[in-house]
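Next up, final.pdb (PDB, C-alpha atoms):
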ATOM      1  CA  MET A   1      99.919 106.189 159.823  1.00  0.00           C
ATOM      2  CA  SER A   2     101.550 108.534 157.310  1.00  0.00           C
ATOM      3  CA  PRO A   3     104.955 107.645 155.814  1.00  0.00           C
ATOM      4  CA  SER A   4     106.542 110.709 157.443  1.00  0.00           C
ATOM      5  CA  THR A   5     105.790 109.429 160.946  1.00  0.00           C
ATOM      6  CA  SER A   6     106.493 105.723 160.395  1.00  0.00           C
ATOM      7  CA  ALA A   7     109.575 104.502 162.236  1.00  0.00           C
ATOM      8  CA  ALA A   8     111.814 101.992 160.461  1.00  0.00           C
ATOM      9  CA  PRO A   9     111.508  98.460 161.894  1.00  0.00           C
ATOM     10  CA  ALA A  10     114.126  97.441 164.460  1.00  0.00           C
ATOM     11  CA  PHE A  11     115.809  95.059 162.007  1.00  0.00           C
ATOM     12  CA  VAL A  12     116.378  97.875 159.505  1.00  0.00           C
ATOM     13  CA  ARG A  13     117.825 100.173 162.150  1.00  0.00           C
ATOM     14  CA  LEU A  14     120.132  97.441 163.454  1.00  0.00           C
ATOM     15  CA  ALA A  15     121.225  95.737 160.223  1.00  0.00           C
ATOM     16  CA  GLY A  16     121.216  98.877 158.092  1.00  0.00           C
ATOM     17  CA  HIS A  17     124.570 100.061 159.416  1.00  0.00           C
ATOM     18  CA  PRO A  18     127.186  99.222 156.726  1.00  0.00           C
ATOM     19  CA  LEU A  19     129.644  97.525 159.059  1.00  0.00           C
ATOM     20  CA  ARG A  20     126.953  95.563 160.908  1.00  0.00           C
ATOM     21  CA  TRP A  21     125.596  94.401 157.555  1.00  0.00           C
ATOM     22  CA  GLN A  22     129.092  93.213 156.607  1.00  0.00           C
ATOM     23  CA  LEU A  23     129.286  91.284 159.886  1.00  0.00           C
ATOM     24  CA  LEU A  24     125.926  89.633 159.211  1.00  0.00           C
ATOM     25  CA  ALA A  25     127.025  88.732 155.680  1.00  0.00           C
ATOM     26  CA  ALA A  26     130.305  87.245 156.937  1.00  0.00           C
ATOM     27  CA  LEU A  27     128.449  85.093 159.489  1.00  0.00           C
ATOM     28  CA  ALA A  28     125.673  84.072 157.107  1.00  0.00           C
ATOM     29  CA  HIS A  29     127.326  80.804 156.077  1.00  0.00           C
ATOM     30  CA  SER A  30     129.986  80.045 158.673  1.00  0.00           C
ATOM     31  CA  ASP A  31     130.611  80.605 162.372  1.00  0.00           C
ATOM     32  CA  LEU A  32     133.724  82.751 162.891  1.00  0.00           C
ATOM     33  CA  ARG A  33     136.001  84.060 165.625  1.00  0.00           C
ATOM     34  CA  VAL A  34     136.678  87.760 166.157  1.00  0.00           C
ATOM     35  CA  ARG A  35     140.203  87.571 164.750  1.00  0.00           C
ATOM     36  CA  GLU A  36     138.813  85.968 161.592  1.00  0.00           C
ATOM     37  CA  LEU A  37     136.270  88.764 161.246  1.00  0.00           C
ATOM     38  CA  VAL A  38     139.064  91.307 161.726  1.00  0.00           C
ATOM     39  CA  ALA A  39     141.072  89.703 158.915  1.00  0.00           C
ATOM     40  CA  HIS A  40     138.012  89.351 156.682  1.00  0.00           C
ATOM     41  CA  LEU A  41     136.673  92.891 157.083  1.00  0.00           C
ATOM     42  CA  GLY A  42     139.933  94.765 157.667  1.00  0.00           C
ATOM     43  CA  GLN A  43     138.565  96.631 160.687  1.00  0.00           C
ATOM     44  CA  PRO A  44     140.023  96.964 164.216  1.00  0.00           C
ATOM     45  CA  GLN A  45     138.912  94.439 166.806  1.00  0.00           C
ATOM     46  CA  ASN A  46     137.510  96.984 169.259  1.00  0.00           C
ATOM     47  CA  LEU A  47     135.226  98.427 166.567  1.00  0.00           C
ATOM     48  CA  LEU A  48     133.973  95.011 165.495  1.00  0.00           C
ATOM     49  CA  SER A  49     133.445  93.962 169.110  1.00  0.00           C
ATOM     50  CA  TYR A  50     131.270  97.034 169.673  1.00  0.00           C
ATOM     51  CA  HIS A  51     129.032  96.262 166.704  1.00  0.00           C
ATOM     52  CA  LEU A  52     128.925  92.556 167.584  1.00  0.00           C
ATOM     53  CA  ARG A  53     127.616  93.519 171.018  1.00  0.00           C
ATOM     54  CA  LEU A  54     124.812  95.482 169.370  1.00  0.00           C
ATOM     55  CA  LEU A  55     123.937  92.563 167.110  1.00  0.00           C
ATOM     56  CA  ARG A  56     123.926  90.214 170.088  1.00  0.00           C
ATOM     57  CA  ALA A  57     121.710  92.575 172.074  1.00  0.00           C
ATOM     58  CA  GLY A  58     119.309  92.632 169.132  1.00  0.00           C
ATOM     59  CA  GLY A  59     119.190  88.836 169.059  1.00  0.00           C
ATOM     60  CA  LEU A  60     120.622  88.470 165.554  1.00  0.00           C
ATOM     61  CA  VAL A  61     124.012  87.081 166.594  1.00  0.00           C
ATOM     62  CA  ALA A  62     124.987  84.658 169.361  1.00  0.00           C
ATOM     63  CA  ALA A  63     128.375  83.678 170.777  1.00  0.00           C
ATOM     64  CA  HIS A  64     129.797  80.808 172.775  1.00  0.00           C
ATOM     65  CA  ARG A  65     133.187  79.602 173.932  1.00  0.00           C
ATOM     66  CA  SER A  66     135.231  77.423 171.625  1.00  0.00           C
ATOM     67  CA  SER A  67     135.503  73.804 172.744  1.00  0.00           C
ATOM     68  CA  PHE A  68     139.038  73.764 171.294  1.00  0.00           C
ATOM     69  CA  ASP A  69     140.301  76.893 173.058  1.00  0.00           C
ATOM     70  CA  GLY A  70     138.177  78.202 175.890  1.00  0.00           C
ATOM     71  CA  ARG A  71     139.821  81.631 175.615  1.00  0.00           C
ATOM     72  CA  ASP A  72     138.218  82.065 172.204  1.00  0.00           C
ATOM     73  CA  SER A  73     134.603  82.488 171.124  1.00  0.00           C
ATOM     74  CA  TYR A  74     132.678  81.681 167.964  1.00  0.00           C
ATOM     75  CA  TYR A  75     129.998  84.027 166.661  1.00  0.00           C
ATOM     76  CA  ARG A  76     127.036  82.710 164.720  1.00  0.00           C
ATOM     77  CA  LEU A  77     124.145  84.298 162.906  1.00  0.00           C
ATOM     78  CA  ASP A  78     120.680  83.287 164.100  1.00  0.00           C
ATOM     79  CA  LEU A  79     119.183  82.602 160.673  1.00  0.00           C
ATOM     80  CA  GLU A  80     115.766  81.691 162.042  1.00  0.00           C
ATOM     81  CA  ARG A  81     115.443  85.013 163.854  1.00  0.00           C
ATOM     82  CA  CYS A  82     116.762  86.892 160.822  1.00  0.00           C
ATOM     83  CA  ALA A  83     114.166  85.203 158.621  1.00  0.00           C
ATOM     84  CA  ARG A  84     111.372  86.261 160.979  1.00  0.00           C
ATOM     85  CA  ALA A  85     112.752  89.802 161.235  1.00  0.00           C
ATOM     86  CA  LEU A  86     112.995  90.118 157.457  1.00  0.00           C
ATOM     87  CA  ALA A  87     109.425  88.862 157.035  1.00  0.00           C
ATOM     88  CA  ASP A  88     108.192  91.352 159.639  1.00  0.00           C
ATOM     89  CA  THR A  89     110.147  94.115 157.931  1.00  0.00           C
ATOM     90  CA  GLY A  90     108.608  93.317 154.560  1.00  0.00           C
ATOM     91  CA  ALA A  91     105.113  93.184 156.027  1.00  0.00           C
ATOM     92  CA  ALA A  92     105.644  96.584 157.632  1.00  0.00           C
ATOM     93  CA  LEU A  93     106.281  98.005 154.176  1.00  0.00           C
ATOM     94  CA  HIS A  94     103.543  96.095 152.320  1.00  0.00           C
ATOM     95  CA  PRO A  95     101.507  92.952 153.200  1.00  0.00           C
ATOM     96  CA  ALA A  96     102.479  91.248 149.938  1.00  0.00           C
ATOM     97  CA  LEU A  97     106.148  91.312 150.957  1.00  0.00           C
ATOM     98  CA  ALA A  98     105.495  88.925 153.862  1.00  0.00           C
ATOM     99  CA  ALA A  99     104.868  85.996 151.496  1.00  0.00           C
ATOM    100  CA  PRO A 100     106.947  82.873 152.296  1.00  0.00           C
ATOM    101  CA  ALA A 101     109.821  81.907 150.057  1.00  0.00           C
ATOM    102  CA  PRO A 102     109.013  79.307 147.375  1.00  0.00           C
ATOM    103  CA  ALA A 103     109.843  75.672 148.049  1.00  0.00           C
ATOM    104  CA  ILE A 104     113.058  74.298 146.567  1.00  0.00           C
ATOM    105  CA  HIS A 105     112.655  71.109 144.539  1.00  0.00           C
ATOM    106  CA  SER A 106     114.977  68.335 145.662  1.00  0.00           C
ATOM    107  CA  ALA A 107     116.063  67.555 142.087  1.00  0.00           C
ATOM    108  CA  ARG A 108     118.028  70.822 142.042  1.00  0.00           C
ATOM    109  CA  PHE A 109     120.662  69.307 144.338  1.00  0.00           C
ATOM    110  CA  GLY A 110     121.746  66.622 141.866  1.00  0.00           C
ATOM    111  CA  ARG A 111     125.334  67.828 141.540  1.00  0.00           C
ATOM    112  CA  SER A 112     125.936  69.014 145.095  1.00  0.00           C
ATOM    113  CA  SER A 113     128.402  67.149 147.306  1.00  0.00           C
ATOM    114  CA  VAL A 114     128.756  67.851 151.025  1.00  0.00           C
ATOM    115  CA  LEU A 115     130.964  66.352 153.713  1.00  0.00           C
ATOM    116  CA  PHE A 116     130.153  66.850 157.407  1.00  0.00           C
ATOM    117  CA  VAL A 117     133.034  66.456 159.849  1.00  0.00           C
ATOM    118  CA  CYS A 118     133.250  66.180 163.626  1.00  0.00           C
ATOM    119  CA  THR A 119     135.732  64.454 165.908  1.00  0.00           C
ATOM    120  CA  GLY A 120     134.031  61.146 166.651  1.00  0.00           C
ATOM    121  CA  ASN A 121     131.542  60.938 163.738  1.00  0.00           C
ATOM    122  CA  SER A 122     129.134  59.471 166.268  1.00  0.00           C
ATOM    123  CA  ALA A 123     126.510  62.212 166.755  1.00  0.00           C
ATOM    124  CA  ARG A 124     126.701  65.656 165.168  1.00  0.00           C
ATOM    125  CA  SER A 125     128.071  64.839 161.707  1.00  0.00           C
ATOM    126  CA  PRO A 126     125.915  61.719 161.136  1.00  0.00           C
ATOM    127  CA  ILE A 127     122.836  63.694 162.248  1.00  0.00           C
ATOM    128  CA  ALA A 128     123.672  66.389 159.686  1.00  0.00           C
ATOM    129  CA  GLU A 129     124.348  63.770 157.005  1.00  0.00           C
ATOM    130  CA  ALA A 130     121.027  62.019 157.572  1.00  0.00           C
ATOM    131  CA  LEU A 131     119.018  65.258 157.616  1.00  0.00           C
ATOM    132  CA  LEU A 132     120.580  66.702 154.455  1.00  0.00           C
ATOM    133  CA  ARG A 133     120.126  63.414 152.618  1.00  0.00           C
ATOM    134  CA  ARG A 134     116.435  63.427 153.569  1.00  0.00           C
ATOM    135  CA  TYR A 135     115.841  67.065 152.580  1.00  0.00           C
ATOM    136  CA  THR A 136     117.486  66.540 149.194  1.00  0.00           C
ATOM    137  CA  ALA A 137     115.684  63.200 148.703  1.00  0.00           C
ATOM    138  CA  GLY A 138     119.006  61.526 148.040  1.00  0.00           C
ATOM    139  CA  HIS A 139     119.824  63.783 145.076  1.00  0.00           C
ATOM    140  CA  ALA A 140     122.822  65.420 146.768  1.00  0.00           C
ATOM    141  CA  ARG A 141     125.940  63.413 147.521  1.00  0.00           C
ATOM    142  CA  VAL A 142     126.315  63.561 151.296  1.00  0.00           C
ATOM    143  CA  ALA A 143     128.858  61.940 153.604  1.00  0.00           C
ATOM    144  CA  SER A 144     130.215  62.325 157.120  1.00  0.00           C
ATOM    145  CA  ALA A 145     133.455  61.339 158.812  1.00  0.00           C
ATOM    146  CA  GLY A 146     135.557  61.975 161.902  1.00  0.00           C
ATOM    147  CA  SER A 147     139.133  62.865 162.715  1.00  0.00           C
ATOM    148  CA  HIS A 148     139.049  60.311 165.581  1.00  0.00           C
ATOM    149  CA  PRO A 149     135.974  58.161 164.932  1.00  0.00           C
ATOM    150  CA  ARG A 150     134.214  56.322 167.738  1.00  0.00           C
ATOM    151  CA  PRO A 151     133.496  52.599 167.506  1.00  0.00           C
ATOM    152  CA  SER A 152     129.767  53.217 166.959  1.00  0.00           C
ATOM    153  CA  LEU A 153     127.104  55.913 166.693  1.00  0.00           C
ATOM    154  CA  HIS A 154     125.875  57.274 169.991  1.00  0.00           C
ATOM    155  CA  PRO A 155     122.584  55.538 170.851  1.00  0.00           C
ATOM    156  CA  HIS A 156     120.933  58.878 171.640  1.00  0.00           C
ATOM    157  CA  ALA A 157     121.819  60.153 168.161  1.00  0.00           C
ATOM    158  CA  VAL A 158     120.257  57.049 166.618  1.00  0.00           C
ATOM    159  CA  ARG A 159     117.168  57.467 168.788  1.00  0.00           C
ATOM    160  CA  VAL A 160     116.577  61.168 168.095  1.00  0.00           C
ATOM    161  CA  LEU A 161     116.839  60.647 164.342  1.00  0.00           C
ATOM    162  CA  ARG A 162     114.379  57.767 164.556  1.00  0.00           C
ATOM    163  CA  ASP A 163     111.866  59.273 166.976  1.00  0.00           C
ATOM    164  CA  ASP A 164     111.886  62.934 165.906  1.00  0.00           C
ATOM    165  CA  TYR A 165     112.750  62.723 162.207  1.00  0.00           C
ATOM    166  CA  GLY A 166     111.753  59.215 161.123  1.00  0.00           C
ATOM    167  CA  LEU A 167     115.278  58.304 159.989  1.00  0.00           C
ATOM    168  CA  ASP A 168     116.936  54.951 160.650  1.00  0.00           C
ATOM    169  CA  VAL A 169     120.737  55.051 160.941  1.00  0.00           C
ATOM    170  CA  ALA A 170     121.103  52.107 163.322  1.00  0.00           C
ATOM    171  CA  ASP A 171     123.297  50.189 160.869  1.00  0.00           C
ATOM    172  CA  GLN A 172     125.611  53.112 160.122  1.00  0.00           C
ATOM    173  CA  ARG A 173     129.141  53.082 161.504  1.00  0.00           C
ATOM    174  CA  PRO A 174     131.548  55.988 162.080  1.00  0.00           C
ATOM    175  CA  ARG A 175     134.370  56.308 159.600  1.00  0.00           C
ATOM    176  CA  HIS A 176     137.720  58.040 159.459  1.00  0.00           C
ATOM    177  CA  LEU A 177     138.441  61.027 157.259  1.00  0.00           C
ATOM    178  CA  ASP A 178     141.227  59.035 155.620  1.00  0.00           C
ATOM    179  CA  SER A 179     138.644  56.701 154.102  1.00  0.00           C
ATOM    180  CA  LEU A 180     137.444  59.598 151.921  1.00  0.00           C
ATOM    181  CA  SER A 181     140.842  60.681 150.612  1.00  0.00           C
ATOM    182  CA  GLY A 182     140.739  61.255 146.888  1.00  0.00           C
ATOM    183  CA  ARG A 183     137.092  62.300 146.865  1.00  0.00           C
ATOM    184  CA  ARG A 184     136.057  65.868 146.114  1.00  0.00           C
ATOM    185  CA  PHE A 185     133.325  67.812 147.860  1.00  0.00           C
ATOM    186  CA  ASP A 186     131.736  71.165 147.095  1.00  0.00           C
ATOM    187  CA  TYR A 187     131.393  71.916 150.816  1.00  0.00           C
ATOM    188  CA  VAL A 188     133.311  70.552 153.802  1.00  0.00           C
ATOM    189  CA  ILE A 189     131.407  71.530 156.935  1.00  0.00           C
ATOM    190  CA  THR A 190     132.928  71.030 160.367  1.00  0.00           C
ATOM    191  CA  LEU A 191     130.516  70.796 163.285  1.00  0.00           C
ATOM    192  CA  CYS A 192     132.945  70.887 166.194  1.00  0.00           C
ATOM    193  CA  ASP A 193     135.730  73.315 167.001  1.00  0.00           C
ATOM    194  CA  LYS A 194     138.384  70.636 167.475  1.00  0.00           C
ATOM    195  CA  ALA A 195     137.733  69.077 164.074  1.00  0.00           C
ATOM    196  CA  ARG A 196     138.016  72.483 162.431  1.00  0.00           C
ATOM    197  CA  GLU A 197     141.649  72.700 163.523  1.00  0.00           C
ATOM    198  CA  VAL A 198     142.515  69.496 161.623  1.00  0.00           C
ATOM    199  CA  ARG A 199     140.173  69.897 158.666  1.00  0.00           C
ATOM    200  CA  PRO A 200     141.715  68.202 155.622  1.00  0.00           C
ATOM    201  CA  GLU A 201     141.726  69.467 152.050  1.00  0.00           C
ATOM    202  CA  PHE A 202     139.390  67.822 149.556  1.00  0.00           C
ATOM    203  CA  GLY A 203     140.386  69.480 146.302  1.00  0.00           C
ATOM    204  CA  GLY A 204     140.872  73.142 145.525  1.00  0.00           C
ATOM    205  CA  ARG A 205     137.176  73.757 144.850  1.00  0.00           C
ATOM    206  CA  SER A 206     135.930  72.616 148.250  1.00  0.00           C
ATOM    207  CA  ARG A 207     134.427  75.435 150.284  1.00  0.00           C
ATOM    208  CA  PRO A 208     135.132  75.093 154.024  1.00  0.00           C
ATOM    209  CA  LEU A 209     132.340  76.126 156.402  1.00  0.00           C
ATOM    210  CA  HIS A 210     132.113  75.846 160.161  1.00  0.00           C
ATOM    211  CA  TRP A 211     129.084  75.231 162.362  1.00  0.00           C
ATOM    212  CA  SER A 212     130.173  75.492 165.991  1.00  0.00           C
ATOM    213  CA  VAL A 213     127.766  72.984 167.531  1.00  0.00           C
ATOM    214  CA  ALA A 214     128.267  71.882 171.127  1.00  0.00           C
ATOM    215  CA  ASP A 215     128.926  68.180 171.688  1.00  0.00           C
ATOM    216  CA  PRO A 216     125.743  66.746 173.263  1.00  0.00           C
ATOM    217  CA  ALA A 217     127.792  63.967 174.855  1.00  0.00           C
ATOM    218  CA  ALA A 218     130.300  66.320 176.507  1.00  0.00           C
ATOM    219  CA  GLY A 219     130.434  67.192 180.169  1.00  0.00           C
ATOM    220  CA  SER A 220     130.591  65.213 183.355  1.00  0.00           C
ATOM    221  CA  GLY A 221     128.270  62.341 184.037  1.00  0.00           C
ATOM    222  CA  ARG A 222     126.084  60.414 181.646  1.00  0.00           C
ATOM    223  CA  PRO A 223     124.817  62.553 178.732  1.00  0.00           C
ATOM    224  CA  GLY A 224     121.075  63.128 178.734  1.00  0.00           C
ATOM    225  CA  TYR A 225     118.809  62.545 175.782  1.00  0.00           C
ATOM    226  CA  ALA A 226     117.480  66.126 175.931  1.00  0.00           C
ATOM    227  CA  ALA A 227     120.908  67.447 174.899  1.00  0.00           C
ATOM    228  CA  PHE A 228     120.743  65.370 171.725  1.00  0.00           C
ATOM    229  CA  VAL A 229     117.242  66.649 170.977  1.00  0.00           C
ATOM    230  CA  ARG A 230     118.504  70.239 171.205  1.00  0.00           C
ATOM    231  CA  THR A 231     121.578  69.476 169.120  1.00  0.00           C
ATOM    232  CA  ALA A 232     119.523  67.773 166.417  1.00  0.00           C
ATOM    233  CA  ALA A 233     117.141  70.749 166.297  1.00  0.00           C
ATOM    234  CA  ASP A 234     120.079  73.156 165.932  1.00  0.00           C
ATOM    235  CA  ILE A 235     121.591  71.076 163.124  1.00  0.00           C
ATOM    236  CA  ASP A 236     118.202  70.671 161.453  1.00  0.00           C
ATOM    237  CA  ALA A 237     117.775  74.463 161.284  1.00  0.00           C
ATOM    238  CA  ARG A 238     121.261  74.899 159.861  1.00  0.00           C
ATOM    239  CA  VAL A 239     120.730  72.171 157.254  1.00  0.00           C
ATOM    240  CA  ARG A 240     117.430  73.695 156.125  1.00  0.00           C
ATOM    241  CA  HIS A 241     119.147  77.055 155.671  1.00  0.00           C
ATOM    242  CA  LEU A 242     121.905  75.347 153.687  1.00  0.00           C
ATOM    243  CA  LEU A 243     119.434  74.108 151.051  1.00  0.00           C
ATOM    244  CA  PRO A 244     119.047  77.418 149.146  1.00  0.00           C
ATOM    245  CA  VAL A 245     122.846  77.769 149.123  1.00  0.00           C
ATOM    246  CA  LEU A 246     123.241  74.339 147.535  1.00  0.00           C
ATOM    247  CA  ALA A 247     120.459  74.987 145.048  1.00  0.00           C
ATOM    248  CA  THR A 248     122.017  78.304 144.033  1.00  0.00           C
ATOM    249  CA  THR A 249     125.457  76.733 143.658  1.00  0.00           C
ATOM    250  CA  THR A 250     124.075  73.911 141.522  1.00  0.00           C
ATOM    251  CA  SER A 251     122.066  76.250 139.286  1.00  0.00           C
ATOM    252  CA  LYS A 252     125.169  78.345 138.602  1.00  0.00           C
ATOM    253  CA  GLU A 253     127.162  75.250 137.662  1.00  0.00           C
ATOM    254  CA  VAL A 254     124.634  74.099 135.086  1.00  0.00           C
ATOM    255  CA  ALA A 255     123.875  77.557 133.676  1.00  0.00           C
ATOM    256  CA  PRO A 256     124.893  78.041 130.019  1.00  0.00           C
TER     257      PRO A 256
END
Transcribe the structure of this file into structure tokens.
Amino acid sequence: MSPSTSAAPAFVRLAGHPLRWQLLAALAHSDLRVRELVAHLGQPQNLLSYHLRLLRAGGLVAAHRSSFDGRDSYYRLDLERCARALADTGAALHPALAAPAPAIHSARFGRSSVLFVCTGNSARSPIAEALLRRYTAGHARVASAGSHPRPSLHPHAVRVLRDDYGLDVADQRPRHLDSLSGRRFDYVITLCDKAREVRPEFGGRSRPLHWSVADPAAGSGRPGYAAFVRTAADIDARVRHLLPVLATTTSKEVAP
């Protein structure tokens, strides 16, 4: 096919619009509400809502109701789908551009410190803590805590980490955010919408991020194990996409 008749891949046509690209960039690290996007980008809500609908229709962005305020919604970028779309886009231009990204050595996370926060510190935040600690081979300083910690980890959270990821957290206990006062973290990542509203400050350099992850134990009746499997998979994908961010941050800190 000649270059003059080649159509641009769908990802280029969708993400190439300047405002849609700004929306993707804003959602690349943290889930946000529409009013936060309005404040961040300085554009009217109706215009942003229109472009968000296009991004959702294209499968790059998803939305769900806030568990803190059901009248509000959080938007998130589907990083897995974006990665596939970017790889397909590169391959459409030249086969060599479809090569996978190089692996990141765990030693590069030696100065990174991350705190994961949810309400009970019994499922989502300990899952994230365990997964990030494994991916960084213990080089990063990782912790988790809750605004209202439960007496113990949820047994389904313990099971899914053991059965699906080979991690044993059976002896771990939830802890309160107050127990970490005085410590500093590079990133403070909330995993539930309620905890985001009470997120504490951990030094002026801490970067707050939000991952709006549904509580697998919520809802009526006894929570099923399948919900925890889905939640762990969602958190696992987010943690893996966090690794290059941590590596980049660490490399900048140690650069001459």
**OP:** Taking the file above as input, evaluate the PyMOL selection byres ((chain A and resi 67) around 9) and report the hits as number ranges by chain.
**Re:** A: 65-66, 68-70, 72-73, 192-194, 212, 214-215
Expected selection from the PyMOL selection byres ((chain A and resi 120-136) around 7), given as a tab-separated table (two decimals) with C-alpha atoms, in the frame of the given file:
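Below you can see expr.tsv, which holds the result:
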chain	number	residue	atom	x	y	z
A	106	SER	CA	114.98	68.33	145.66
A	109	PHE	CA	120.66	69.31	144.34
A	116	PHE	CA	130.15	66.85	157.41
A	117	VAL	CA	133.03	66.46	159.85
A	118	CYS	CA	133.25	66.18	163.63
A	119	THR	CA	135.73	64.45	165.91
A	137	ALA	CA	115.68	63.20	148.70
A	138	GLY	CA	119.01	61.53	148.04
A	139	HIS	CA	119.82	63.78	145.08
A	140	ALA	CA	122.82	65.42	146.77
A	142	VAL	CA	126.32	63.56	151.30
A	143	ALA	CA	128.86	61.94	153.60
A	144	SER	CA	130.22	62.32	157.12
A	145	ALA	CA	133.46	61.34	158.81
A	146	GLY	CA	135.56	61.98	161.90
A	147	SER	CA	139.13	62.86	162.72
A	148	HIS	CA	139.05	60.31	165.58
A	149	PRO	CA	135.97	58.16	164.93
A	150	ARG	CA	134.21	56.32	167.74
A	152	SER	CA	129.77	53.22	166.96
A	153	LEU	CA	127.10	55.91	166.69
A	154	HIS	CA	125.88	57.27	169.99
A	157	ALA	CA	121.82	60.15	168.16
A	174	PRO	CA	131.55	55.99	162.08
A	175	ARG	CA	134.37	56.31	159.60
A	191	LEU	CA	130.52	70.80	163.28
A	232	ALA	CA	119.52	67.77	166.42
A	235	ILE	CA	121.59	71.08	163.12
A	236	ASP	CA	118.20	70.67	161.45
A	239	VAL	CA	120.73	72.17	157.25
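The space separating atom CA of Ala63 of chain A from atom CA of Arg240 of chain A comes to 20.8 Å.
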**OP:** Pull out every residue that the PyMOL selection byres ((chain A and resi 38-49) around 9) matches in the shown coordinates and put them as a list in words.
**Re:** Leu19, Arg20, Gln22, Leu23, Ala26, Arg33, Val34, Arg35, Glu36, Leu37, Tyr50, His51, Leu52, Arg53 and Leu54 of chain A
Original post:
Using all atoms listed in the file, which of A:Leu242, A:Leu60, A:Val213, A:Ala218 sits nearest Leu86 of chain A?
Top reply: A:Leu60
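One finds atom CA of Leu55 of chain A at 26.8 Å from atom CA of Leu246 of chain A.
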Original post:
Nearest to Arg81 of chain A among A:Phe185, A:Phe11, A:Tyr225, A:Trp211, with distances taken over all atoms listed in the file: which residue is it?
Top reply: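 Using all atoms listed in the file, the shortest distance to Arg81 of chain A belongs to A:Phe11.
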Subject >> Test item: which residues lie within 6 Å of (125.4, 85.4, 165.0) counting all atoms listed in the file, as a PyMOL selection string >> reply: chain A and resi 60-62+75-78
**OP:** Select, from A:Glu80, A:Val12, A:Leu24, A:Ala195, the residue with the minimum atom-to-atom distance to His176 of chain A, counting all atoms listed in the file.
**Re:**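 Using all atoms listed in the file, the shortest distance to His176 of chain A belongs to A:Ala195.
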Subject >> Two-atom distance - atom CA of Ala233 of chain A, atom CA of Pro216 of chain A (Å) >> reply: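 Atom CA of Pro216 of chain A lies at a distance of 11.8 Å from atom CA of Ala233 of chain A.
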Original post:
If we count all atoms listed in the file, what is near segment 90-92 of chain A at a cut-off of 10 Å, once residues fewer than 4 positions away on the same chain are taken out, given as a ChimeraX atom specification?
Top reply: /A:6-9,84-86,96-99
Exercise on segment 136-154 of chain A, axis-aligned box with 6 Å per side, report centre and edge lengths in Å to one decimal, as lines of an AutoDock Vina configuration file:
center_x = 127.4
center_y = 59.6
center_z = 157.5
size_x = 35.4
size_y = 25.9
size_z = 36.9
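Restricting the calculation to all atoms listed in the file, the smallest distance between Arg230 of chain A and any of A:Arg183, A:Pro151, A:Leu161, A:Asp31 is found for A:Leu161.
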Which neighbours of Val160 of chain A fall inside 8 Å, counting only C-alpha atoms, when residues of the same chain fewer than 5 positions from it are skipped, and could you give them as a short mmCIF file (atom, residue, chain, number, x, y, z; two decimals) with C-alpha atoms, keeping the file's coordinate frame?
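Produced file around-v9.cif, reproduced below:
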data_model
loop_
_atom_site.label_atom_id
_atom_site.label_comp_id
_atom_site.auth_asym_id
_atom_site.auth_seq_id
_atom_site.Cartn_x
_atom_site.Cartn_y
_atom_site.Cartn_z
CA TYR A 165 112.75 62.72 162.21
CA PHE A 228 120.74 65.37 171.72
CA VAL A 229 117.24 66.65 170.98
CA ALA A 232 119.52 67.77 166.42
#
Subject >> Shell around Arg141 of chain A at 7 Å using only C-alpha atoms, local window under 6 positions removed, as a PyMOL selection string >> reply: chain A and resi 112-114
Atoms added to segment 49-59 of chain A (N, CA and C atoms), reported as a PDB file, in the coordinates of the input:
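Below you can see part-v6.pdb, which holds the result:
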ATOM      1  N   SER A  49     134.031  94.448 167.857  1.00  0.00           N
ATOM      2  CA  SER A  49     133.445  93.962 169.110  1.00  0.00           C
ATOM      3  C   SER A  49     132.261  94.830 169.531  1.00  0.00           C
ATOM      4  N   TYR A  50     132.370  96.126 169.337  1.00  0.00           N
ATOM      5  CA  TYR A  50     131.270  97.034 169.673  1.00  0.00           C
ATOM      6  C   TYR A  50     130.025  96.698 168.855  1.00  0.00           C
ATOM      7  N   HIS A  51     130.186  96.538 167.554  1.00  0.00           N
ATOM      8  CA  HIS A  51     129.032  96.262 166.704  1.00  0.00           C
ATOM      9  C   HIS A  51     128.510  94.835 166.919  1.00  0.00           C
ATOM     10  N   LEU A  52     129.390  93.905 167.251  1.00  0.00           N
ATOM     11  CA  LEU A  52     128.925  92.556 167.584  1.00  0.00           C
ATOM     12  C   LEU A  52     128.071  92.570 168.836  1.00  0.00           C
ATOM     13  N   ARG A  53     128.430  93.409 169.807  1.00  0.00           N
ATOM     14  CA  ARG A  53     127.616  93.519 171.018  1.00  0.00           C
ATOM     15  C   ARG A  53     126.216  94.032 170.684  1.00  0.00           C
ATOM     16  N   LEU A  54     126.122  94.971 169.769  1.00  0.00           N
ATOM     17  CA  LEU A  54     124.812  95.482 169.370  1.00  0.00           C
ATOM     18  C   LEU A  54     123.994  94.400 168.672  1.00  0.00           C
ATOM     19  N   LEU A  55     124.640  93.633 167.818  1.00  0.00           N
ATOM     20  CA  LEU A  55     123.937  92.563 167.110  1.00  0.00           C
ATOM     21  C   LEU A  55     123.496  91.459 168.074  1.00  0.00           C
ATOM     22  N   ARG A  56     124.310  91.199 169.074  1.00  0.00           N
ATOM     23  CA  ARG A  56     123.926  90.214 170.088  1.00  0.00           C
ATOM     24  C   ARG A  56     122.758  90.727 170.922  1.00  0.00           C
ATOM     25  N   ALA A  57     122.806  91.992 171.293  1.00  0.00           N
ATOM     26  CA  ALA A  57     121.710  92.575 172.074  1.00  0.00           C
ATOM     27  C   ALA A  57     120.407  92.553 171.291  1.00  0.00           C
ATOM     28  N   GLY A  58     120.497  92.683 169.974  1.00  0.00           N
ATOM     29  CA  GLY A  58     119.309  92.632 169.132  1.00  0.00           C
ATOM     30  C   GLY A  58     118.855  91.232 168.791  1.00  0.00           C
ATOM     31  N   GLY A  59     119.588  90.221 169.264  1.00  0.00           N
ATOM     32  CA  GLY A  59     119.190  88.836 169.059  1.00  0.00           C
ATOM     33  C   GLY A  59     119.530  88.268 167.705  1.00  0.00           C
TER      34      GLY A  59
END
